[in-house]
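K.L.:
Before I ask anything, let me first share the structure, which is written out below as structure tokens.
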Amino acid sequence: MTRTSITIGNFTVEPGQRGLGYLHAGMLAGRTEVRIPVQVLHGAADGPNLCLESTLHGWEPMGAEIIRRAMLQVDPARLRGTVYCLPIANPFSIEFGGTVESSGQRVNPADLLDMNRVWPGKLENAWLTEQMAHVMWQEVLSRCQYLVDYHDGTGACDELPVAFPHALPADAHSSVQATLADGVGGADTGRVEITPEYIASMNEQIRAMAIAFGSSVIWWRDGPVNPAMISGQCLIQGIVPLVVEAGGGGIIDETIDQGVVCTLNILKHLGMIEGQPELPPRQLMVKNYVVYRSRTGGFYLQEPGVKLGLEVTTGQLLGRVIDPVTSEVQEECRSPVNGIIISRRIRMPLNPGGYIAHIADSDSVIWQRG
Ligand SMILES: [Zn+2]
């Protein structure tokens with residue numbers, strides 16, 4: 001079959017070409033256009049349709065940089081299938097972070113909604129965030145068989161690449177129905193029938209994709225599905241989703257290069273580009289992953305040597321929260337588990353509830369390689 005051109009948003013892409021443009025998603029009060037940037041690499045040969053989406057949360061923009069760098073390494077003339085990139089899915093949330101020096105905020109400042117709680121979006125009687133999600137769902141996600149959803153450690157933390165696959169639980173159909181009541185998004189109950197065969201096939205594909213991503217740690221989750229999250233909506237719509245995190249603090253470090261390798265691994269795994277995924281010497285899949293947050297505020301001073309990838313033991317001191325004036329120690333932050341530091345705080349000022357670390361619990365390993 002000959003490949004045909006794709007028209008999306010305000011542009012058309014021929015097979016073997018790269019296209020850049022925007023999805024139109026409405027007009028603001030002062031008639032500023034709401035537009036969402038899109039990059040499409042339309043392969044010359046047949047293959048899957050993959051969506052790479054980042055920055056649903058504006059304080060987590062590093063996925064956009066990983067996608068940008070990875071896609072510069074892909075030649076559409078040699079690509080099988082099509083890659084749809086939504087690197088800045090929630091533009092206002094990165095543009096308006098409170099001050100000129102902040103790194104964005106979690107919600108859309110236009111209506112204060114979390115764009116990862118409104119899928120598949122709505123057009124009528126809908127908030128702006130829901131309308132934006134609707135446009136992305138109709139124009140991009142509905143064309144795809146696979147999704148990678150990028151998050152990062154926020155402005156406060158650095159983070160190794162890590163895959164957070166969310167699989168379907170055995171009782172998926174009833175648990176999906178139970179989570180549709182928060183008043184935004186989630187109106188579509190899915191285009192596939194969730195049978196035991198569907199659950200098994202979907203979970204196997206998610207697991208394979210998570211391993212191929214090539215992060216040293218994979219956090220396997222199979223709790224109830226929230227269909228208002230983009231990954232949850234994909235799960236009930238027949239699109240294989242993978243949630244990942246990589247990088248943070250708004251800084252360029254080695255985690256960005258690692259994230260690029262992981263992204264290209266997904267394209268290799270799906271047969272879209274040549275080569276085998278580049279995997280680290282050792283990979284662990286864990287059931288328990290601690291997102292450790294502070295109880296109190298102050299200045300956070302990390303213990304020397306607490307680096308990404310460090311193996312820690314239960315009770316090991318990671319850092320202290322001190323009173324910035326009196327030097328009094330307000331909180332000793334100790335690892336609650338034996339594990340591996342996947343993300344750690346790099347920002348000193350800290351409010352209660354601030355991220356201290358992500359720690360993969362090495363006593364909860366359910367699969368490993370190497
Ligand atoms: Zn996020």
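Ordering of the structure tokens sets the chain letters (A, B, ...); residue numbers start at 1 within each chain; ligands are numbered from 1 in the order shown.
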Set the cut-off to 12 Å, count only C-alpha atoms and all ligand atoms, and list whatever residues fall near ligand 1 as a PyMOL selection string.

P.N.:
chain A and resi 53-63+89-90+93+104-107+114-117+149-155+164+229-231+243-248

K.L.:
Could those selected residues go to a file with C-alpha atoms, as a PDB file, in the first residue's frame?

P.N.:
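Contents of the output file selection.pdb:
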ATOM      1  CA  GLU A  53       3.867  13.502  24.692  1.00  0.00           C
ATOM      2  CA  SER A  54       5.436  15.681  27.379  1.00  0.00           C
ATOM      3  CA  THR A  55       4.714  18.603  29.680  1.00  0.00           C
ATOM      4  CA  LEU A  56       1.133  17.905  30.673  1.00  0.00           C
ATOM      5  CA  HIS A  57       2.609  19.488  33.810  1.00  0.00           C
ATOM      6  CA  GLY A  58       4.539  22.670  33.026  1.00  0.00           C
ATOM      7  CA  TRP A  59       6.927  22.252  35.934  1.00  0.00           C
ATOM      8  CA  GLU A  60       8.182  19.064  34.219  1.00  0.00           C
ATOM      9  CA  PRO A  61       9.472  20.253  30.831  1.00  0.00           C
ATOM     10  CA  MET A  62      12.529  18.004  30.433  1.00  0.00           C
ATOM     11  CA  GLY A  63      10.630  15.446  28.346  1.00  0.00           C
ATOM     12  CA  ALA A  89       1.078  19.592  25.672  1.00  0.00           C
ATOM     13  CA  ASN A  90       0.114  22.256  28.244  1.00  0.00           C
ATOM     14  CA  SER A  93       1.590  25.813  32.455  1.00  0.00           C
ATOM     15  CA  GLY A 104       6.358  26.420  35.366  1.00  0.00           C
ATOM     16  CA  GLN A 105       3.486  25.032  37.369  1.00  0.00           C
ATOM     17  CA  ARG A 106       1.569  21.788  37.525  1.00  0.00           C
ATOM     18  CA  VAL A 107      -1.851  23.073  36.456  1.00  0.00           C
ATOM     19  CA  ASP A 114      -4.495  19.348  35.993  1.00  0.00           C
ATOM     20  CA  MET A 115      -4.227  18.290  32.355  1.00  0.00           C
ATOM     21  CA  ASN A 116      -3.554  14.734  33.465  1.00  0.00           C
ATOM     22  CA  ARG A 117      -7.069  14.463  34.949  1.00  0.00           C
ATOM     23  CA  ASP A 149       3.894  10.145  28.465  1.00  0.00           C
ATOM     24  CA  TYR A 150       6.943  12.033  29.850  1.00  0.00           C
ATOM     25  CA  HIS A 151       7.151  13.610  33.289  1.00  0.00           C
ATOM     26  CA  ASP A 152      10.177  14.741  35.334  1.00  0.00           C
ATOM     27  CA  GLY A 153      11.349  15.489  38.861  1.00  0.00           C
ATOM     28  CA  THR A 154       9.837  19.022  38.759  1.00  0.00           C
ATOM     29  CA  GLY A 155      11.899  22.155  39.408  1.00  0.00           C
ATOM     30  CA  PHE A 164       6.202   3.760  35.498  1.00  0.00           C
ATOM     31  CA  MET A 229      -5.391  10.295  33.219  1.00  0.00           C
ATOM     32  CA  ILE A 230      -3.951  10.080  29.707  1.00  0.00           C
ATOM     33  CA  SER A 231      -2.400   6.654  30.403  1.00  0.00           C
ATOM     34  CA  VAL A 243       4.426   6.671  31.646  1.00  0.00           C
ATOM     35  CA  VAL A 244       8.066   7.662  32.112  1.00  0.00           C
ATOM     36  CA  GLU A 245      10.003  10.227  34.094  1.00  0.00           C
ATOM     37  CA  ALA A 246      13.489  11.572  33.350  1.00  0.00           C
ATOM     38  CA  GLY A 247      15.490  14.626  34.313  1.00  0.00           C
ATOM     39  CA  GLY A 248      14.411  17.581  36.390  1.00  0.00           C
TER      40      GLY A 248
END

K.L.:
I'd like the contact shell of Lys122 (chain A) - 6 Å cut-off, only C-alpha atoms, skipping same-chain residues fewer than 3 positions apart - returned as a ChimeraX atom specification.

P.N.:
/A:126,130-131,134

K.L.:
Between A:Asn203, A:Ser343, A:Ser215, A:Ser327, single out the one closest to Cys157 (chain A), counting only C-alpha atoms.

P.N.:
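When distances to Cys157 (chain A) are compared using only C-alpha atoms, the smallest one comes from A:Ser343.
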
K.L.:
Which residues are near region 46-49 of chain A? Cut-off 10 Å, only C-alpha atoms, ignore same chain within fewer than 5 positions. Put them as a list in words.

P.N.:
Met1, Thr2, Arg3, Pro15, Leu41, Leu79, Arg80, Gly81, Thr82, Val83, Tyr84, Val140, Leu141, Ser142, Arg143, Cys144, Gln145, Tyr146, Leu147, Leu267, Leu270, Gly271, Met272 and Ile273 of chain A

K.L.:
Please produce a file of the residues just selected, as a JSON list (two decimals), in the first residue's frame, where the atoms kept are N, CA, C and O atoms.

P.N.:
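The new file again11.json reads:
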[["chain", "number", "residue", "atom", "x", "y", "z"],
["A", 1, "MET", "N", 0.85, -1.20, 0.00],
["A", 1, "MET", "CA", 0.00, 0.00, 0.00],
["A", 1, "MET", "C", 0.88, 1.25, 0.00],
["A", 1, "MET", "O", 1.84, 1.33, 0.76],
["A", 2, "THR", "N", 0.55, 2.19, -0.84],
["A", 2, "THR", "CA", 1.36, 3.42, -0.83],
["A", 2, "THR", "C", 0.95, 4.30, 0.35],
["A", 2, "THR", "O", -0.22, 4.38, 0.70],
["A", 3, "ARG", "N", 1.94, 4.93, 0.92],
["A", 3, "ARG", "CA", 1.71, 5.82, 2.05],
["A", 3, "ARG", "C", 1.16, 7.14, 1.53],
["A", 3, "ARG", "O", 1.61, 7.64, 0.49],
["A", 15, "PRO", "N", 4.88, 11.44, 3.16],
["A", 15, "PRO", "CA", 5.69, 10.30, 3.63],
["A", 15, "PRO", "C", 7.18, 10.59, 3.46],
["A", 15, "PRO", "O", 7.59, 11.16, 2.45],
["A", 41, "LEU", "N", 6.91, 13.08, 12.43],
["A", 41, "LEU", "CA", 7.87, 12.43, 11.55],
["A", 41, "LEU", "C", 7.10, 11.32, 10.85],
["A", 41, "LEU", "O", 6.74, 10.31, 11.49],
["A", 79, "LEU", "N", 12.31, 5.94, 8.39],
["A", 79, "LEU", "CA", 11.43, 5.57, 9.50],
["A", 79, "LEU", "C", 10.29, 4.69, 9.01],
["A", 79, "LEU", "O", 9.75, 4.91, 7.92],
["A", 80, "ARG", "N", 9.94, 3.68, 9.81],
["A", 80, "ARG", "CA", 8.73, 2.87, 9.53],
["A", 80, "ARG", "C", 7.63, 3.32, 10.49],
["A", 80, "ARG", "O", 7.80, 3.25, 11.71],
["A", 81, "GLY", "N", 6.53, 3.77, 9.93],
["A", 81, "GLY", "CA", 5.44, 4.29, 10.76],
["A", 81, "GLY", "C", 5.57, 5.79, 10.96],
["A", 81, "GLY", "O", 6.35, 6.45, 10.26],
["A", 82, "THR", "N", 4.84, 6.31, 11.93],
["A", 82, "THR", "CA", 4.79, 7.75, 12.13],
["A", 82, "THR", "C", 4.94, 8.08, 13.62],
["A", 82, "THR", "O", 4.33, 7.42, 14.46],
["A", 83, "VAL", "N", 5.79, 9.08, 13.91],
["A", 83, "VAL", "CA", 5.92, 9.57, 15.29],
["A", 83, "VAL", "C", 5.22, 10.92, 15.39],
["A", 83, "VAL", "O", 5.55, 11.85, 14.64],
["A", 84, "TYR", "N", 4.26, 11.00, 16.28],
["A", 84, "TYR", "CA", 3.56, 12.26, 16.57],
["A", 84, "TYR", "C", 4.09, 12.79, 17.89],
["A", 84, "TYR", "O", 3.96, 12.12, 18.91],
["A", 140, "VAL", "N", -4.43, 13.63, 17.48],
["A", 140, "VAL", "CA", -3.19, 12.86, 17.62],
["A", 140, "VAL", "C", -3.42, 11.49, 18.24],
["A", 140, "VAL", "O", -3.19, 10.47, 17.59],
["A", 141, "LEU", "N", -3.88, 11.45, 19.48],
["A", 141, "LEU", "CA", -3.95, 10.16, 20.19],
["A", 141, "LEU", "C", -4.82, 9.16, 19.44],
["A", 141, "LEU", "O", -4.49, 7.97, 19.39],
["A", 142, "SER", "N", -5.92, 9.60, 18.87],
["A", 142, "SER", "CA", -6.84, 8.66, 18.22],
["A", 142, "SER", "C", -6.21, 8.04, 16.97],
["A", 142, "SER", "O", -6.72, 7.04, 16.46],
["A", 143, "ARG", "N", -5.10, 8.59, 16.48],
["A", 143, "ARG", "CA", -4.41, 7.99, 15.33],
["A", 143, "ARG", "C", -3.35, 6.98, 15.75],
["A", 143, "ARG", "O", -2.72, 6.36, 14.89],
["A", 144, "CYS", "N", -3.08, 6.89, 17.07],
["A", 144, "CYS", "CA", -1.89, 6.16, 17.53],
["A", 144, "CYS", "C", -2.23, 4.81, 18.16],
["A", 144, "CYS", "O", -3.30, 4.62, 18.71],
["A", 145, "GLN", "N", -1.25, 3.90, 18.10],
["A", 145, "GLN", "CA", -1.36, 2.61, 18.81],
["A", 145, "GLN", "C", -0.53, 2.60, 20.09],
["A", 145, "GLN", "O", -0.69, 1.72, 20.93],
["A", 146, "TYR", "N", 0.42, 3.57, 20.21],
["A", 146, "TYR", "CA", 1.32, 3.59, 21.36],
["A", 146, "TYR", "C", 1.48, 5.02, 21.85],
["A", 146, "TYR", "O", 1.48, 5.96, 21.05],
["A", 147, "LEU", "N", 1.66, 5.16, 23.17],
["A", 147, "LEU", "CA", 1.92, 6.48, 23.77],
["A", 147, "LEU", "C", 3.06, 6.37, 24.77],
["A", 147, "LEU", "O", 3.08, 5.45, 25.59],
["A", 267, "LEU", "N", 11.53, 3.31, 19.85],
["A", 267, "LEU", "CA", 11.37, 3.23, 18.39],
["A", 267, "LEU", "C", 11.99, 1.94, 17.85],
["A", 267, "LEU", "O", 11.45, 1.32, 16.92],
["A", 270, "LEU", "N", 9.72, -1.05, 18.71],
["A", 270, "LEU", "CA", 8.52, -1.11, 17.87],
["A", 270, "LEU", "C", 8.86, -1.34, 16.39],
["A", 270, "LEU", "O", 7.96, -1.34, 15.55],
["A", 271, "GLY", "N", 10.16, -1.52, 16.09],
["A", 271, "GLY", "CA", 10.57, -1.79, 14.72],
["A", 271, "GLY", "C", 10.49, -0.58, 13.80],
["A", 271, "GLY", "O", 10.44, -0.71, 12.58],
["A", 272, "MET", "N", 10.50, 0.63, 14.39],
["A", 272, "MET", "CA", 10.36, 1.85, 13.58],
["A", 272, "MET", "C", 11.70, 2.33, 13.05],
["A", 272, "MET", "O", 11.75, 2.97, 12.00],
["A", 273, "ILE", "N", 12.79, 2.07, 13.81],
["A", 273, "ILE", "CA", 14.14, 2.37, 13.34],
["A", 273, "ILE", "C", 15.00, 1.12, 13.53],
["A", 273, "ILE", "O", 14.62, 0.22, 14.27]]

K.L.:
Quick one: DSSP alpha helix (DSSP H) residues in region 144-319 of chain A, as a ChimeraX atom specification?

P.N.:
/A:172-177,196-213,230-237,254-269

K.L.:
Rank A:Leu264, A:Met71, A:Ile346, A:Leu23 by their smallest atom-to-atom distance to Phe213 (chain A), using only C-alpha atoms, and report the top residue only.

P.N.:
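Among the listed residues, A:Leu264 lies closest to Phe213 (chain A).
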
K.L.:
Restricting the calculation to only C-alpha atoms: of A:Gln276, A:Thr313, A:Ser216, A:Asn108, which residue gets closest to Glu159 (chain A)?

P.N.:
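Of A:Gln276, A:Thr313, A:Ser216, A:Asn108, the one nearest Glu159 (chain A), counting only C-alpha atoms, is A:Ser216.
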
K.L.:
Closest to Leu284 (chain A) among A:Gly370, A:Gly305, A:Gly223, A:Gly30, using only C-alpha atoms?

P.N.:
A:Gly370

K.L.:
Which residue gives the smallest distance to His42 (chain A) among A:Thr255, A:Ser5, A:Gln73, A:Gln233, with only C-alpha atoms counted?

P.N.:
A:Ser5

K.L.:
Considering only C-alpha atoms, return as a PyMOL selection string whatever protein or nucleic-acid residues lie within 9 Å of Ala70 (chain A), sequence-local ones (same chain, fewer than 3 positions apart) excluded.

P.N.:
chain A and resi 65-67+73-74+257+259-261+263-264

K.L.:
Arg68 (chain A): which residues within 8 Å, counting only C-alpha atoms, same-chain residues fewer than 4 positions away excluded, as a VMD selection string?

P.N.:
chain A and resid 64 72 87

K.L.:
Just the selected residues (all heavy atoms), exported as a tab-separated table (two decimals), in the first residue's frame, please.

P.N.:
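Okay, this is what ended up in out.tsv:
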chain	number	residue	atom	x	y	z
A	64	ALA	N	10.27	17.38	26.94
A	64	ALA	CA	10.26	18.10	25.67
A	64	ALA	C	11.66	18.17	25.08
A	64	ALA	O	11.86	18.02	23.87
A	64	ALA	CB	9.69	19.51	25.87
A	72	LEU	N	15.84	14.61	16.46
A	72	LEU	CA	16.87	15.09	15.53
A	72	LEU	C	17.70	13.91	15.01
A	72	LEU	O	18.34	14.01	13.98
A	72	LEU	CB	17.79	16.11	16.22
A	72	LEU	CG	17.16	17.48	16.50
A	72	LEU	CD1	18.13	18.35	17.29
A	72	LEU	CD2	16.74	18.17	15.21
A	87	PRO	N	5.39	17.84	22.44
A	87	PRO	CA	6.38	18.07	23.50
A	87	PRO	C	5.89	19.03	24.58
A	87	PRO	O	6.28	18.92	25.74
A	87	PRO	CB	7.59	18.64	22.75
A	87	PRO	CG	7.02	19.22	21.50
A	87	PRO	CD	5.83	18.37	21.14

K.L.:
Given the choices A:Ile206, A:Ala133, A:Ile211, A:Cys262, which gets closest to Ala228 (chain A) if the distance is worked out from only C-alpha atoms?

P.N.:
A:Ala133

K.L.:
Please provide the set of residues having any atom within 12 Å of region 352-354 of chain A, restricted to only C-alpha atoms, with same-chain residues fewer than 6 positions apart removed, written as a ChimeraX atom specification.

P.N.:
/A:153-157,291-300,321,330-331,333,344-346

K.L.:
Write the selection just made, keeping C-alpha atoms, as a PDB file, in the first residue's frame?

P.N.:
ATOM      1  CA  GLY A 153      11.349  15.489  38.861  1.00  0.00           C
ATOM      2  CA  THR A 154       9.837  19.022  38.759  1.00  0.00           C
ATOM      3  CA  GLY A 155      11.899  22.155  39.408  1.00  0.00           C
ATOM      4  CA  ALA A 156      12.998  20.717  42.773  1.00  0.00           C
ATOM      5  CA  CYS A 157      14.535  17.342  41.881  1.00  0.00           C
ATOM      6  CA  VAL A 291       7.886   9.066  46.752  1.00  0.00           C
ATOM      7  CA  TYR A 292       9.345  10.549  49.928  1.00  0.00           C
ATOM      8  CA  ARG A 293       8.272  14.056  50.953  1.00  0.00           C
ATOM      9  CA  SER A 294       9.116  16.351  53.849  1.00  0.00           C
ATOM     10  CA  ARG A 295       6.939  16.953  56.902  1.00  0.00           C
ATOM     11  CA  THR A 296       8.246  20.445  57.572  1.00  0.00           C
ATOM     12  CA  GLY A 297       9.769  23.455  55.833  1.00  0.00           C
ATOM     13  CA  GLY A 298      13.178  25.103  55.924  1.00  0.00           C
ATOM     14  CA  PHE A 299      16.391  24.777  53.944  1.00  0.00           C
ATOM     15  CA  TYR A 300      17.175  21.272  52.683  1.00  0.00           C
ATOM     16  CA  VAL A 321      15.863  20.278  56.903  1.00  0.00           C
ATOM     17  CA  GLN A 330      13.916  20.566  61.921  1.00  0.00           C
ATOM     18  CA  GLU A 331      13.811  17.158  60.268  1.00  0.00           C
ATOM     19  CA  CYS A 333      15.258  12.743  56.230  1.00  0.00           C
ATOM     20  CA  ARG A 344      16.675  13.503  44.762  1.00  0.00           C
ATOM     21  CA  ARG A 345      16.025  17.055  45.826  1.00  0.00           C
ATOM     22  CA  ILE A 346      18.483  19.602  44.392  1.00  0.00           C
TER      23      ILE A 346
END

K.L.:
Leaving out Pro169 (chain A) and any residue of its chain fewer than 3 positions from it, which residues lie within 8 Å of it when counting only C-alpha atoms, given as a list in words?

P.N.:
Ala172, Ile199, Asp222, Gly223, Pro224 and Val225 of chain A
